[in-house]
Structure formats: C-alpha cells, structure tokens
$ cat upload27.pdb   # PDB, C-alpha atoms and all ligand atoms
ATOM      1  CA  MET A 800     -28.383  -4.036  -0.409
ATOM      2  CA  LYS A 801     -29.736  -2.083  -3.364
ATOM      3  CA  SER A 802     -26.719   0.049  -3.842
ATOM      4  CA  GLN A 803     -25.186   1.968  -6.695
ATOM      5  CA  VAL A 804     -21.480   2.045  -7.241
ATOM      6  CA  THR A 805     -20.286   5.203  -8.926
ATOM      7  CA  TRP A 806     -16.683   5.077 -10.078
ATOM      8  CA  ASP A 807     -15.567   8.652 -10.390
ATOM      9  CA  ARG A 808     -12.015   8.603  -9.086
ATOM     10  CA  GLY A 809     -13.599   6.925  -6.125
ATOM     11  CA  ILE A 810     -16.616   4.829  -5.444
ATOM     12  CA  CYS A 811     -19.885   6.029  -4.059
ATOM     13  CA  LEU A 812     -22.151   3.571  -2.359
ATOM     14  CA  GLY A 813     -25.225   5.449  -3.522
ATOM     15  CA  GLY A 814     -27.631   4.377  -0.817
ATOM     16  CA  HIS A 815     -25.148   5.333   1.865
ATOM     17  CA  GLY A 816     -23.417   8.433   0.518
ATOM     18  CA  MET A 817     -20.008   7.000   1.333
ATOM     19  CA  TRP A 818     -17.126   7.443  -1.092
ATOM     20  CA  LEU A 819     -14.216   5.024  -1.071
ATOM     21  CA  ASP A 820     -10.730   6.561  -1.443
ATOM     22  CA  PRO A 821     -12.052   9.357  -3.696
ATOM     23  CA  HIS A 822      -9.518  11.603  -5.424
ATOM     24  CA  THR A 823     -11.719  14.686  -5.018
ATOM     25  CA  ILE A 824     -12.941  16.233  -1.770
ATOM     26  CA  ARG A 825     -16.215  14.665  -0.579
ATOM     27  CA  ASP A 826     -18.680  15.152   2.272
ATOM     28  CA  LEU A 827     -18.103  11.611   3.523
ATOM     29  CA  ALA A 828     -15.264   9.309   2.520
ATOM     30  CA  PHE A 829     -13.511   6.144   3.611
ATOM     31  CA  VAL A 830      -9.728   6.647   3.556
ATOM     32  CA  SER A 831      -8.084   3.232   3.461
ATOM     33  CA  HIS A 832      -4.538   4.369   4.340
ATOM     34  CA  ALA A 833      -2.169   7.334   4.517
ATOM     35  CA  HIS A 834      -0.517   7.190   1.057
ATOM     36  CA  SER A 835      -0.984  10.558  -0.630
ATOM     37  CA  ASP A 836      -2.977   9.171  -3.596
ATOM     38  CA  HIS A 837      -5.680   8.127  -1.121
ATOM     39  CA  THR A 838      -5.989  11.177   1.109
ATOM     40  CA  ARG A 839      -7.819  14.452   0.571
ATOM     41  CA  ARG A 840      -9.250  17.055   2.954
ATOM     42  CA  HIS A 841     -12.742  15.564   3.064
ATOM     43  CA  LYS A 842     -15.453  17.082   5.239
ATOM     44  CA  LEU A 843     -15.790  13.858   7.189
ATOM     45  CA  ALA A 844     -13.608  10.787   6.739
ATOM     46  CA  LEU A 845     -13.676   7.308   8.215
ATOM     47  CA  MET A 846     -10.193   5.899   8.865
ATOM     48  CA  THR A 847      -8.138   4.078  11.451
ATOM     49  CA  PRO A 848      -6.470   6.047  14.282
ATOM     50  CA  GLN A 849      -3.045   5.007  12.899
ATOM     51  CA  THR A 850      -3.860   6.444   9.473
ATOM     52  CA  HIS A 851      -5.056   9.690  11.043
ATOM     53  CA  ASP A 852      -1.906   9.988  13.140
ATOM     54  CA  LEU A 853       0.351   9.440  10.107
ATOM     55  CA  LEU A 854      -1.324  12.182   8.044
ATOM     56  CA  PRO A 855       0.338  15.609   8.093
ATOM     57  CA  PRO A 856      -2.117  18.245   9.409
ATOM     58  CA  GLY A 857      -2.642  19.696   5.901
ATOM     59  CA  ARG A 858      -3.923  16.364   4.588
ATOM     60  CA  ARG A 859      -6.246  15.480   7.441
ATOM     61  CA  PRO A 860     -10.019  15.654   6.921
ATOM     62  CA  HIS A 861     -11.937  18.474   8.594
ATOM     63  CA  GLN A 862     -13.644  15.862  10.728
ATOM     64  CA  ALA A 863     -12.584  12.271  11.267
ATOM     65  CA  GLN A 864     -14.400   9.219  12.521
ATOM     66  CA  LEU A 865     -11.688   6.924  13.822
ATOM     67  CA  VAL A 866     -12.435   3.211  13.908
ATOM     68  CA  GLY A 867      -9.721   0.710  14.813
ATOM     69  CA  LEU A 868      -8.878  -2.453  12.905
ATOM     70  CA  GLY A 869     -11.283  -5.213  13.861
ATOM     71  CA  GLN A 870     -13.859  -2.647  15.021
ATOM     72  CA  SER A 871     -17.103  -1.482  13.470
ATOM     73  CA  CYS A 872     -19.448   1.483  13.306
ATOM     74  CA  GLN A 873     -22.899   2.213  11.942
ATOM     75  CA  LEU A 874     -23.780   4.309   8.871
ATOM     76  CA  GLY A 875     -27.552   4.576   8.608
ATOM     77  CA  SER A 876     -28.777   1.010   8.369
ATOM     78  CA  ALA A 877     -25.367  -0.259   7.240
ATOM     79  CA  ARG A 878     -22.671  -1.717   9.447
ATOM     80  CA  LEU A 879     -19.075  -0.852   8.552
ATOM     81  CA  GLU A 880     -16.170  -3.030   9.691
ATOM     82  CA  MET A 881     -12.472  -2.194   9.434
ATOM     83  CA  HIS A 882     -10.145  -5.079   8.549
ATOM     84  CA  ASP A 883      -6.354  -5.081   8.423
ATOM     85  CA  ALA A 884      -5.191  -4.764   4.783
ATOM     86  CA  GLY A 885      -1.531  -5.654   5.543
ATOM     87  CA  HIS A 886      -0.271  -2.862   3.242
ATOM     88  CA  ILE A 887       1.194  -0.173   5.562
ATOM     89  CA  LEU A 888       0.662   0.869   9.176
ATOM     90  CA  GLY A 889      -3.064   1.436   9.769
ATOM     91  CA  SER A 890      -4.158   0.321   6.288
ATOM     92  CA  ALA A 891      -7.701  -1.020   6.272
ATOM     93  CA  MET A 892     -10.177  -2.877   4.118
ATOM     94  CA  LEU A 893     -13.805  -1.853   4.565
ATOM     95  CA  LEU A 894     -16.581  -4.408   4.898
ATOM     96  CA  LEU A 895     -20.030  -2.875   4.419
ATOM     97  CA  GLU A 896     -22.985  -4.964   5.556
ATOM     98  CA  ALA A 897     -26.626  -4.046   4.965
ATOM     99  CA  ASN A 898     -29.745  -6.239   4.864
ATOM    100  CA  SER A 899     -27.560  -9.332   5.450
ATOM    101  CA  GLU A 900     -25.550  -8.617   2.295
ATOM    102  CA  ARG A 901     -21.871  -7.751   2.299
ATOM    103  CA  LEU A 902     -19.570  -5.645   0.141
ATOM    104  CA  LEU A 903     -15.795  -5.684   0.705
ATOM    105  CA  TYR A 904     -13.520  -2.877  -0.516
ATOM    106  CA  THR A 905      -9.828  -3.761  -0.259
ATOM    107  CA  GLY A 906      -7.939  -0.476  -0.788
ATOM    108  CA  ASP A 907      -4.241  -1.299  -1.270
ATOM    109  CA  LEU A 908      -3.666  -4.796   0.011
ATOM    110  CA  LYS A 909      -0.901  -7.254   0.900
ATOM    111  CA  LEU A 910      -1.963 -10.841   1.466
ATOM    112  CA  ARG A 911       1.278 -12.034   3.057
ATOM    113  CA  PRO A 912       3.023  -9.203   4.903
ATOM    114  CA  LEU A 913       6.455  -9.973   6.336
ATOM    115  CA  ARG A 914       6.832 -11.115   9.936
ATOM    116  CA  ARG A 915       3.166 -12.015  10.298
ATOM    117  CA  PRO A 916       2.239 -15.446  11.606
ATOM    118  CA  ALA A 917      -0.723 -15.742   9.216
ATOM    119  CA  PRO A 918      -1.843 -14.211   5.910
ATOM    120  CA  THR A 919      -4.152 -11.196   5.926
ATOM    121  CA  ALA A 920      -7.672 -12.436   6.683
ATOM    122  CA  ILE A 921     -10.033 -11.791   3.764
ATOM    123  CA  PRO A 922     -13.654 -11.417   4.959
ATOM    124  CA  ARG A 923     -16.257 -13.152   2.838
ATOM    125  CA  ALA A 924     -18.642 -10.943   0.869
ATOM    126  CA  GLN A 925     -21.084 -11.182  -2.028
ATOM    127  CA  VAL A 926     -19.473  -8.215  -3.778
ATOM    128  CA  LEU A 927     -15.764  -7.442  -3.847
ATOM    129  CA  VAL A 928     -14.231  -4.170  -5.027
ATOM    130  CA  MET A 929     -10.503  -4.814  -5.216
ATOM    131  CA  GLU A 930      -7.325  -2.982  -6.139
ATOM    132  CA  SER A 931      -5.537  -4.406  -9.179
ATOM    133  CA  THR A 932      -2.201  -2.556  -9.183
ATOM    134  CA  TYR A 933      -0.267  -5.658 -10.278
ATOM    135  CA  GLY A 934      -3.167  -7.388 -12.015
ATOM    136  CA  GLU A 935      -1.145  -8.956 -14.834
ATOM    137  CA  PRO A 936       0.600 -12.361 -14.800
ATOM    138  CA  ARG A 937       4.033 -10.800 -15.446
ATOM    139  CA  PHE A 938       3.829  -9.426 -11.898
ATOM    140  CA  ARG A 939       4.421 -12.699 -10.092
ATOM    141  CA  PHE A 940       6.761 -11.783  -7.267
ATOM    142  CA  PRO A 941       9.631 -14.032  -6.157
ATOM    143  CA  ASP A 942       9.835 -15.269  -2.564
ATOM    144  CA  PRO A 943      10.185 -12.073  -0.450
ATOM    145  CA  GLU A 944      12.598 -13.618   2.071
ATOM    146  CA  GLU A 945      14.946 -14.623  -0.761
ATOM    147  CA  VAL A 946      14.719 -11.153  -2.319
ATOM    148  CA  LEU A 947      15.568  -9.503   1.003
ATOM    149  CA  GLU A 948      18.456 -11.933   1.562
ATOM    150  CA  GLU A 949      19.835 -10.994  -1.843
ATOM    151  CA  LEU A 950      19.308  -7.290  -1.088
ATOM    152  CA  ALA A 951      21.223  -7.601   2.207
ATOM    153  CA  ARG A 952      24.114  -9.278   0.348
ATOM    154  CA  TRP A 953      24.108  -6.443  -2.210
ATOM    155  CA  CYS A 954      24.300  -3.867   0.616
ATOM    156  CA  ARG A 955      27.093  -5.691   2.462
ATOM    157  CA  ARG A 956      29.177  -6.114  -0.701
ATOM    158  CA  LEU A 957      28.997  -2.372  -1.479
ATOM    159  CA  ILE A 958      29.781  -1.395   2.121
ATOM    160  CA  ALA A 959      32.873  -3.650   1.996
ATOM    161  CA  GLU A 960      33.922  -1.746  -1.147
ATOM    162  CA  ARG A 961      33.382   1.598   0.671
ATOM    163  CA  VAL A 962      30.417   2.418  -1.573
ATOM    164  CA  THR A 963      27.117   3.612  -0.018
ATOM    165  CA  PRO A 964      24.070   1.451  -0.856
ATOM    166  CA  VAL A 965      21.009   3.647  -1.540
ATOM    167  CA  LEU A 966      17.649   1.881  -1.387
ATOM    168  CA  LEU A 967      14.972   3.683  -3.401
ATOM    169  CA  ALA A 968      11.618   2.838  -1.847
ATOM    170  CA  ASN A 969       8.344   4.549  -1.006
ATOM    171  CA  ALA A 970       9.048   6.871   1.952
ATOM    172  CA  LEU A 971       5.925   5.679   3.795
ATOM    173  CA  GLY A 972       5.526   1.989   4.467
ATOM    174  CA  LYS A 973       8.111   0.318   2.230
ATOM    175  CA  SER A 974      11.064   2.158   3.815
ATOM    176  CA  GLN A 975      10.007   1.176   7.310
ATOM    177  CA  GLU A 976       9.396  -2.434   6.238
ATOM    178  CA  LEU A 977      12.853  -2.641   4.700
ATOM    179  CA  MET A 978      14.541  -1.180   7.779
ATOM    180  CA  LEU A 979      12.846  -3.758   9.989
ATOM    181  CA  ALA A 980      13.540  -6.627   7.592
ATOM    182  CA  LEU A 981      17.218  -5.738   7.095
ATOM    183  CA  ALA A 982      17.908  -5.097  10.787
ATOM    184  CA  SER A 983      18.596  -8.798  11.352
ATOM    185  CA  HIS A 984      21.459  -8.479   8.839
ATOM    186  CA  GLY A 985      23.202  -5.960  11.083
ATOM    187  CA  LEU A 986      22.599  -3.012   8.763
ATOM    188  CA  ARG A 987      22.205   0.563  10.023
ATOM    189  CA  PHE A 988      20.468   3.388   8.196
ATOM    190  CA  ALA A 989      20.633   7.047   7.162
ATOM    191  CA  LEU A 990      17.254   8.445   6.056
ATOM    192  CA  GLU A 991      16.717  11.024   3.344
ATOM    193  CA  SER A 992      14.636  13.897   4.785
ATOM    194  CA  ARG A 993      11.328  12.765   3.191
ATOM    195  CA  CYS A 994      11.541   9.393   4.984
ATOM    196  CA  VAL A 995      12.062  10.866   8.460
ATOM    197  CA  PRO A 996       8.485  11.987   9.343
ATOM    198  CA  TRP A 997       7.080   8.570   8.480
ATOM    199  CA  VAL A 998       9.598   6.690  10.636
ATOM    200  CA  ARG A 999       8.708   9.038  13.476
ATOM    201  CA  GLY A1000       5.025   8.255  12.825
ATOM    202  CA  TYR A1001       5.698   4.525  13.083
ATOM    203  CA  GLU A1002       7.703   5.128  16.267
ATOM    204  CA  ARG A1003       4.741   7.008  17.769
ATOM    205  CA  ALA A1004       2.703   3.869  17.082
ATOM    206  CA  GLY A1005       5.209   1.852  19.118
ATOM    207  CA  VAL A1006       7.328   0.347  16.319
ATOM    208  CA  VAL A1007      10.992  -0.011  17.329
ATOM    209  CA  PHE A1008      13.535   0.475  14.523
ATOM    210  CA  PRO A1009      17.205  -0.419  14.194
ATOM    211  CA  ASP A1010      19.772   2.366  14.579
ATOM    212  CA  TRP A1011      19.042   5.266  12.171
ATOM    213  CA  VAL A1012      20.076   8.897  11.647
ATOM    214  CA  ALA A1013      18.887  11.650   9.304
ATOM    215  CA  LEU A1014      20.986  11.743   6.139
ATOM    216  CA  ASP A1015      23.625  14.481   6.078
ATOM    217  CA  PRO A1016      25.490  14.013   2.774
ATOM    218  CA  ALA A1017      28.127  16.596   3.710
ATOM    219  CA  ALA A1018      29.063  14.682   6.865
ATOM    220  CA  GLY A1019      29.107  11.303   5.064
ATOM    221  CA  VAL A1020      27.224   8.199   6.145
ATOM    222  CA  GLY A1021      30.058   5.806   7.006
ATOM    223  CA  THR A1022      28.813   2.239   6.676
ATOM    224  CA  ARG A1023      25.110   3.094   6.792
ATOM    225  CA  VAL A1024      22.541   2.158   4.149
ATOM    226  CA  VAL A1025      20.669   5.193   2.789
ATOM    227  CA  MET A1026      16.882   5.023   2.402
ATOM    228  CA  ALA A1027      15.342   7.469  -0.080
ATOM    229  CA  PRO A1028      12.177   7.801  -2.198
ATOM    230  CA  PRO A1029      12.600   6.765  -5.866
ATOM    231  CA  ALA A1030      11.896  10.203  -7.352
ATOM    232  CA  GLY A1031      14.037  13.312  -6.730
ATOM    233  CA  LYS A1032      17.549  12.354  -5.660
ATOM    234  CA  SER A1033      19.071  15.768  -4.914
ATOM    235  CA  GLU A1034      20.260  14.758  -1.421
ATOM    236  CA  VAL A1035      21.526  11.384  -2.636
ATOM    237  CA  ARG A1036      23.526  12.942  -5.466
ATOM    238  CA  ARG A1037      25.635  14.797  -2.909
ATOM    239  CA  LEU A1038      27.019  11.496  -1.590
ATOM    240  CA  ALA A1039      30.597  10.698  -2.612
ATOM    241  CA  HIS A1040      30.366   7.085  -3.825
ATOM    242  CA  TYR A1041      27.008   5.327  -4.026
ATOM    243  CA  ARG A1042      24.910   2.832  -5.968
ATOM    244  CA  THR A1043      21.109   2.822  -6.082
ATOM    245  CA  ALA A1044      18.638  -0.052  -5.979
ATOM    246  CA  LEU A1045      14.930   0.328  -6.728
ATOM    247  CA  ILE A1046      12.856  -1.829  -4.364
ATOM    248  CA  SER A1047       9.491  -2.302  -6.038
ATOM    249  CA  GLY A1048       7.227  -4.728  -7.828
ATOM    250  CA  TRP A1049       7.650  -2.450 -10.847
ATOM    251  CA  THR A1050      11.230  -3.683 -11.259
ATOM    252  CA  LEU A1051       9.652  -6.610 -13.129
ATOM    253  CA  ASP A1052       8.795  -4.061 -15.827
ATOM    254  CA  GLN A1053      11.903  -3.088 -17.835
ATOM    255  CA  ARG A1054      10.452   0.352 -18.733
ATOM    256  CA  MET A1055       9.974   1.268 -15.076
ATOM    257  CA  ARG A1056      13.525   0.157 -14.228
ATOM    258  CA  THR A1057      14.812   2.473 -16.938
ATOM    259  CA  HIS A1058      12.478   5.269 -15.808
ATOM    260  CA  PHE A1059      13.915   5.385 -12.293
ATOM    261  CA  GLY A1060      17.511   4.985 -13.513
ATOM    262  CA  ALA A1061      18.552   2.685 -10.643
ATOM    263  CA  ASP A1062      21.739   0.608 -10.746
ATOM    264  CA  ALA A1063      19.887  -2.484  -9.489
ATOM    265  CA  GLY A1064      16.315  -3.641  -8.897
ATOM    266  CA  PHE A1065      14.732  -5.941  -6.329
ATOM    267  CA  ALA A1066      11.159  -7.133  -6.858
ATOM    268  CA  TYR A1067       9.721  -6.644  -3.410
ATOM    269  CA  SER A1068       6.308  -5.028  -2.911
ATOM    270  CA  ASP A1069       3.818  -4.069  -0.209
ATOM    271  CA  HIS A1070       1.005  -4.888  -2.656
ATOM    272  CA  CYS A1071      -0.346  -8.250  -3.758
ATOM    273  CA  GLY A1072       1.280  -9.754  -6.834
ATOM    274  CA  PHE A1073      -0.900 -11.197  -9.596
ATOM    275  CA  ASP A1074      -1.354 -14.648  -8.022
ATOM    276  CA  GLU A1075      -2.229 -13.116  -4.657
ATOM    277  CA  LEU A1076      -4.863 -10.860  -6.231
ATOM    278  CA  VAL A1077      -6.525 -13.909  -7.776
ATOM    279  CA  GLU A1078      -6.303 -15.635  -4.400
ATOM    280  CA  VAL A1079      -7.966 -12.661  -2.669
ATOM    281  CA  ALA A1080     -10.886 -12.806  -5.118
ATOM    282  CA  GLN A1081     -11.278 -16.532  -4.455
ATOM    283  CA  LEU A1082     -10.938 -16.198  -0.660
ATOM    284  CA  SER A1083     -13.647 -13.528  -0.545
ATOM    285  CA  GLY A1084     -16.132 -15.960  -2.094
ATOM    286  CA  ALA A1085     -17.625 -12.985  -3.960
ATOM    287  CA  ALA A1086     -20.171 -13.678  -6.676
ATOM    288  CA  THR A1087     -19.233 -10.390  -8.337
ATOM    289  CA  VAL A1088     -15.818  -8.707  -8.411
ATOM    290  CA  TYR A1089     -15.122  -5.135  -9.504
ATOM    291  CA  THR A1090     -11.494  -4.236 -10.163
ATOM    292  CA  VAL A1091     -10.081  -0.720  -9.705
ATOM    293  CA  HIS A1092      -6.647   0.933 -10.085
ATOM    294  CA  GLY A1093      -3.737  -0.393 -12.138
ATOM    295  CA  PHE A1094      -4.384  -3.326 -14.469
ATOM    296  CA  ALA A1095      -8.094  -3.420 -13.677
ATOM    297  CA  HIS A1096      -9.265  -4.575 -17.111
ATOM    298  CA  GLU A1097      -6.579  -7.263 -17.395
ATOM    299  CA  LEU A1098      -7.287  -8.647 -13.926
ATOM    300  CA  ALA A1099     -11.032  -8.753 -14.612
ATOM    301  CA  GLN A1100     -10.371 -10.767 -17.797
ATOM    302  CA  HIS A1101      -8.183 -13.255 -15.891
ATOM    303  CA  LEU A1102     -10.792 -13.649 -13.149
ATOM    304  CA  LYS A1103     -13.481 -14.304 -15.755
ATOM    305  CA  ARG A1104     -11.367 -17.104 -17.218
ATOM    306  CA  ARG A1105     -11.379 -18.637 -13.743
ATOM    307  CA  GLY A1106     -15.167 -18.552 -13.671
ATOM    308  CA  ILE A1107     -15.517 -15.431 -11.492
ATOM    309  CA  ARG A1108     -17.954 -12.745 -12.656
ATOM    310  CA  ALA A1109     -15.670  -9.717 -12.824
ATOM    311  CA  CYS A1110     -15.449  -6.347 -14.505
ATOM    312  CA  ALA A1111     -13.263  -3.261 -14.303
ATOM    313  CA  LEU A1112     -14.875  -0.089 -13.007
ATOM    314  CA  ARG A1113     -14.328   2.814 -15.360
ATOM    315  CA  SER A1114     -14.630   6.521 -14.739
ATOM    316  CA  ASN A1115     -18.198   7.760 -14.256
ATOM    317  CA  GLU A1116     -19.622   4.269 -14.431
ATOM    318  CA  GLN A1117     -22.678   3.430 -12.354
ATOM    319  CA  LEU A1118     -23.505  -0.145 -11.494
ATOM    320  CA  GLU A1119     -26.380  -1.746  -9.646
ATOM    321  CA  LEU A1120     -25.054  -4.002  -6.934
ATOM    322  CA  LEU A1121     -26.743  -7.177  -5.731
TER     323      LEU A1121
HETATM  324 ZN    ZN B1201      -0.754   2.496  -0.803
END

$ encode --input "upload27.pdb" --output "structure tokens" --more "lines below"
Ligand SMILES: [Zn+2]
Amino acid sequence: MKSQVTWDRGICLGGHGMWLDPHTIRDLAFVSHAHSDHTRRHKLALMTPQTHDLLPPGRRPHQAQLVGLGQSCQLGSARLEMHDAGHILGSAMLLLEANSERLLYTGDLKLRPLRRPAPTAIPRAQVLVMESTYGEPRFRFPDPEEVLEELARWCRRLIAERVTPVLLANALGKSQELMLALASHGLRFALESRCVPWVRGYERAGVVFPDWVALDPAAGVGTRVVMAPPAGKSEVRRLAHYRTALISGWTLDQRMRTHFGADAGFAYSDHCGFDELVEVAQLSGAATVYTVHGFAHELAQHLKRRGIRACALRSNEQLELL
C-alpha cells in the first residue's frame, strides 16, 4: 500500500480518497461512531447501521454506505473491514487492506467493555492509527467493577438520606452503560432530556433497560437516580435536594474535577486507559503506530520507549505509509 496519510482534523488515505473521522465535510468519510465530535454531513459516509440509526437526521451524511460489524466492503482495490471498537453502540474500527498490507484505524476504543465475555479483538496490521485520549500514565483506571460497586453504594446512601443522586455522564453511550451496570443494584432512573433520545436509540437496537422515566424536576424523582450530561445543569438545578457525581476517566485529573464542579468523581470510562492503549498497540503487531487525539505526543513517546516505532500525527502533516 503506497498511501499518504494527511492529518487535517481527519486522516486521508491518499490513494483511496477516504477520510477517517474528519472534522470538516468531505466527499467520502469513515465515521467510526455517533459521538458528535466524529459526525459531519459528509457527501458519502461509511458507517455501521447502528451508528446511522443513532444519528439525528441533521447529522446524517447525504449518502451512507452501511456495513455491519464483522463485515467488509470494497473501495477501489482496497478491502475495508468493520471491527467492533467496544466504545458505544455501533462503534467500529476500520481495517483497510490493499496489496496484502493492512492499516488499522481504531476511532474511540475500549479494550475491555463491561459484560463482554472477551476483550475487544484487535486485528493485526502493519500500520496502526490509534486514538490516544488517555495516553498518559496518570490515566490508569481502577477496576471498573469495583468503581461501579462504589458508585452504587454512593447512590444508595444518598437515597436513604432522601437526597437525589445525579450521575453526570456522556448522554450517549456512558449513560446507557451505567444504567445497565447499575440495574443489578436495584436502582431506577430519571433521565435528563438530552439523555432520552439516545436511550430510545439503544432500545430500537434491542437493548432492554431497567425502569426509567424522563426527568420532571417539578414532579420530583422519588428514589430514582438522575442521569444527566456533565455540562449544562439547568434541569438538575431545579431538583430539591441532590448531589452530583462525575463519571469519567477525567476525574483522575484534579483540574477537570474542579471544572465540572461535581460533588464526587468516579473514574470509569468507555475509552482505553493508558495501559490498555499500550496493550492495543502491542496486540496489533504494527511496525508503525500513529497516535491521534488527546495525549498523542505523550503516548507516542511511551510507545517508543517500549521499542515501538510511533509518532503523533499533527495538523496538516503528510506521511508516506509502508
Ligand atoms: Zn466517542
């Protein structure tokens, strides 16, 4: 594969005219998942059917090529395969194969999603382009089951004190994961309005949730746990007595905890932590790793110390691959 990578708020595989999660509108783009920082109204976009279904009409591409997880399609002489990224519903990694050489692009990635019998399978490739959101050693996440156990205790204690627990988590993906994980603790939920469409999207995909209602602060929420996005708490502030907890890998960063002004923080993420990112690079067997998003430079430095040829892709950079 004699391909150029152009990092310009996205990645262009020059020989194939395919952009990867670009931030500007393109003729042809791969959209790894439905989070808003990855979706634009491209002319033609490759994505999974679940991602397409989750997108509000105003954020869908003009034309979509829908390829399911584990399935493939052809782009010129290249073969494109969609692999489960374990991040949110429908999230995909893209494996591009041409002339017997393989490039893997991870998008946002979770190596060990909850309630999965096995870790996310990382396809082997000569070149890996990987997200590096938490690509610094201070982002080593504690055991997720223990964090969720502690979170459930925090919720139950507040409910016993007639205080409403408010969990501040990404409205798409994290909120649904938390509802499913906390259901076994007998908790019920009231959803801030921005969380509701995403739960309905998951339900359309066949996911069954524990008892939930839309949040109506005026009517009160009884003993329910409130789910709300971290930013903009106008609905939450109308509750009588409540405490907030930020559920995010960023809680390991004191500045972010202060930024969101939460009463408590629980380090649970739907991204890989630092150790998992290193593991992904090793599992891919890639001879060359390019890091993008987040702590890209720092992760590349750590990978180099482990003997992996790695570098961070910067804006407008063009690199010859393979
Ligand atoms: Zn994401």

$ residues_near_ligand --input "upload27.pdb" --ligand "ligand ZN 1201 (chain B)" --cutoff "9 Å" --atoms "only C-alpha atoms and all ligand atoms" --output "JSON, numbers by chain"
{"A": [831, 832, 833, 834, 835, 836, 837, 886, 887, 890, 906, 907, 908, 971, 972, 1069, 1070]}

$ axis_aligned_box --input "upload27.pdb" --around "stretch 901-918 of chain A" --padding-each-side "5 Å" --output "lines of an AutoDock Vina configuration file"
center_x = -7.5
center_y = -8.1
center_z = 5.2
size_x = 38.7
size_y = 25.3
size_z = 22.9

$ closest_residue --input "upload27.pdb" --among "A:Glu991, A:Asp883, A:Asp1052, A:Glu945" --to "A:Ile921" --atoms "all atoms listed in the file"
A:Asp883

$ closest_residue --input "upload27.pdb" --among "A:Met929, A:Leu1045, A:Leu913, A:Ala1013" --to "A:Leu894" --atoms "only C-alpha atoms"
A:Met929

$ residues_around --input "upload27.pdb" --residues "A:Arg825" --least-positions-apart "5" --cutoff "9 Å" --atoms "only C-alpha atoms" --output "count of residues only"
8

$ resolve_selection --input "upload27.pdb" --expression "the PyMOL selection byres (((chain A and resi 857-866) around 10) and not hetatm)" --output "ChimeraX atom specification"
/A:824-830,833,835,838-856,867-872,879-881,891

$ atom_distance --input "upload27.pdb" --atom1 "atom CA of A:Cys954" --atom2 "atom CA of A:Leu967"
12.7 Å

$ atom_distance --input "upload27.pdb" --atom1 "atom CA of A:His1101" --atom2 "atom CA of A:Ala1086"
15.1 Å

$ resolve_selection --input "upload27.pdb" --expression "the PyMOL selection byres (((chain A and resi 1020) around 12) and not hetatm)" --output "PDB file with C-alpha atoms, in the coordinates of the input"
ATOM      1  CA  ILE A 958      29.781  -1.395   2.121  1.00  0.00           C
ATOM      2  CA  ARG A 961      33.382   1.598   0.671  1.00  0.00           C
ATOM      3  CA  VAL A 962      30.417   2.418  -1.573  1.00  0.00           C
ATOM      4  CA  THR A 963      27.117   3.612  -0.018  1.00  0.00           C
ATOM      5  CA  PRO A 964      24.070   1.451  -0.856  1.00  0.00           C
ATOM      6  CA  VAL A 965      21.009   3.647  -1.540  1.00  0.00           C
ATOM      7  CA  ARG A 987      22.205   0.563  10.023  1.00  0.00           C
ATOM      8  CA  PHE A 988      20.468   3.388   8.196  1.00  0.00           C
ATOM      9  CA  ALA A 989      20.633   7.047   7.162  1.00  0.00           C
ATOM     10  CA  LEU A 990      17.254   8.445   6.056  1.00  0.00           C
ATOM     11  CA  GLU A 991      16.717  11.024   3.344  1.00  0.00           C
ATOM     12  CA  TRP A1011      19.042   5.266  12.171  1.00  0.00           C
ATOM     13  CA  VAL A1012      20.076   8.897  11.647  1.00  0.00           C
ATOM     14  CA  ALA A1013      18.887  11.650   9.304  1.00  0.00           C
ATOM     15  CA  LEU A1014      20.986  11.743   6.139  1.00  0.00           C
ATOM     16  CA  ASP A1015      23.625  14.481   6.078  1.00  0.00           C
ATOM     17  CA  PRO A1016      25.490  14.013   2.774  1.00  0.00           C
ATOM     18  CA  ALA A1017      28.127  16.596   3.710  1.00  0.00           C
ATOM     19  CA  ALA A1018      29.063  14.682   6.865  1.00  0.00           C
ATOM     20  CA  GLY A1019      29.107  11.303   5.064  1.00  0.00           C
ATOM     21  CA  GLY A1021      30.058   5.806   7.006  1.00  0.00           C
ATOM     22  CA  THR A1022      28.813   2.239   6.676  1.00  0.00           C
ATOM     23  CA  ARG A1023      25.110   3.094   6.792  1.00  0.00           C
ATOM     24  CA  VAL A1024      22.541   2.158   4.149  1.00  0.00           C
ATOM     25  CA  VAL A1025      20.669   5.193   2.789  1.00  0.00           C
ATOM     26  CA  MET A1026      16.882   5.023   2.402  1.00  0.00           C
ATOM     27  CA  VAL A1035      21.526  11.384  -2.636  1.00  0.00           C
ATOM     28  CA  ARG A1037      25.635  14.797  -2.909  1.00  0.00           C
ATOM     29  CA  LEU A1038      27.019  11.496  -1.590  1.00  0.00           C
ATOM     30  CA  ALA A1039      30.597  10.698  -2.612  1.00  0.00           C
ATOM     31  CA  HIS A1040      30.366   7.085  -3.825  1.00  0.00           C
ATOM     32  CA  TYR A1041      27.008   5.327  -4.026  1.00  0.00           C
TER      33      TYR A1041
END

$ closest_residue --input "upload27.pdb" --among "A:Leu910, A:Ala1044, A:Ala1004, A:Leu927" --to "A:Ala951" --atoms "all atoms listed in the file"
A:Ala1044

$ residues_around --input "upload27.pdb" --residues "A:Ile1046" --least-positions-apart "5" --cutoff "10 Å" --atoms "all atoms listed in the file" --output "list in words"
Val946, Leu947, Leu950, Leu966, Leu967, Ala968, Asn969, Lys973, Ser974, Leu977, Pro1028, Pro1029, Ala1061, Ala1063, Gly1064, Phe1065, Ala1066, Tyr1067 and Ser1068 of chain A

$ write_last_selection --input "upload27.pdb" --atoms "C-alpha atoms" --output "compact mmCIF listing (two decimals), in the frame of the given file"
# COMPACT_ATOMS: atom_id res chain seq x y z
CA VAL A 946 14.72 -11.15 -2.32
CA LEU A 947 15.57 -9.50 1.00
CA LEU A 950 19.31 -7.29 -1.09
CA LEU A 966 17.65 1.88 -1.39
CA LEU A 967 14.97 3.68 -3.40
CA ALA A 968 11.62 2.84 -1.85
CA ASN A 969 8.34 4.55 -1.01
CA LYS A 973 8.11 0.32 2.23
CA SER A 974 11.06 2.16 3.82
CA LEU A 977 12.85 -2.64 4.70
CA PRO A 1028 12.18 7.80 -2.20
CA PRO A 1029 12.60 6.76 -5.87
CA ALA A 1061 18.55 2.68 -10.64
CA ALA A 1063 19.89 -2.48 -9.49
CA GLY A 1064 16.32 -3.64 -8.90
CA PHE A 1065 14.73 -5.94 -6.33
CA ALA A 1066 11.16 -7.13 -6.86
CA TYR A 1067 9.72 -6.64 -3.41
CA SER A 1068 6.31 -5.03 -2.91

$ atom_distance --input "upload27.pdb" --atom1 "atom CA of A:Ala982" --atom2 "atom CA of A:Trp1049"
24.1 Å

$ closest_residue --input "upload27.pdb" --among "A:Trp953, A:Tyr1001, A:Phe1008, A:Tyr933" --to "A:Gly1072" --atoms "all atoms listed in the file"
A:Tyr933

$ resolve_selection --input "upload27.pdb" --expression "the PyMOL selection byres (((chain A and resi 1075) around 10) and not hetatm)" --output "list in words"
Leu908, Lys909, Leu910, Arg911, Tyr933, Gly934, Arg939, Phe940, His1070, Cys1071, Gly1072, Phe1073, Asp1074, Leu1076, Val1077, Glu1078, Val1079, Ala1080 and Gln1081 of chain A
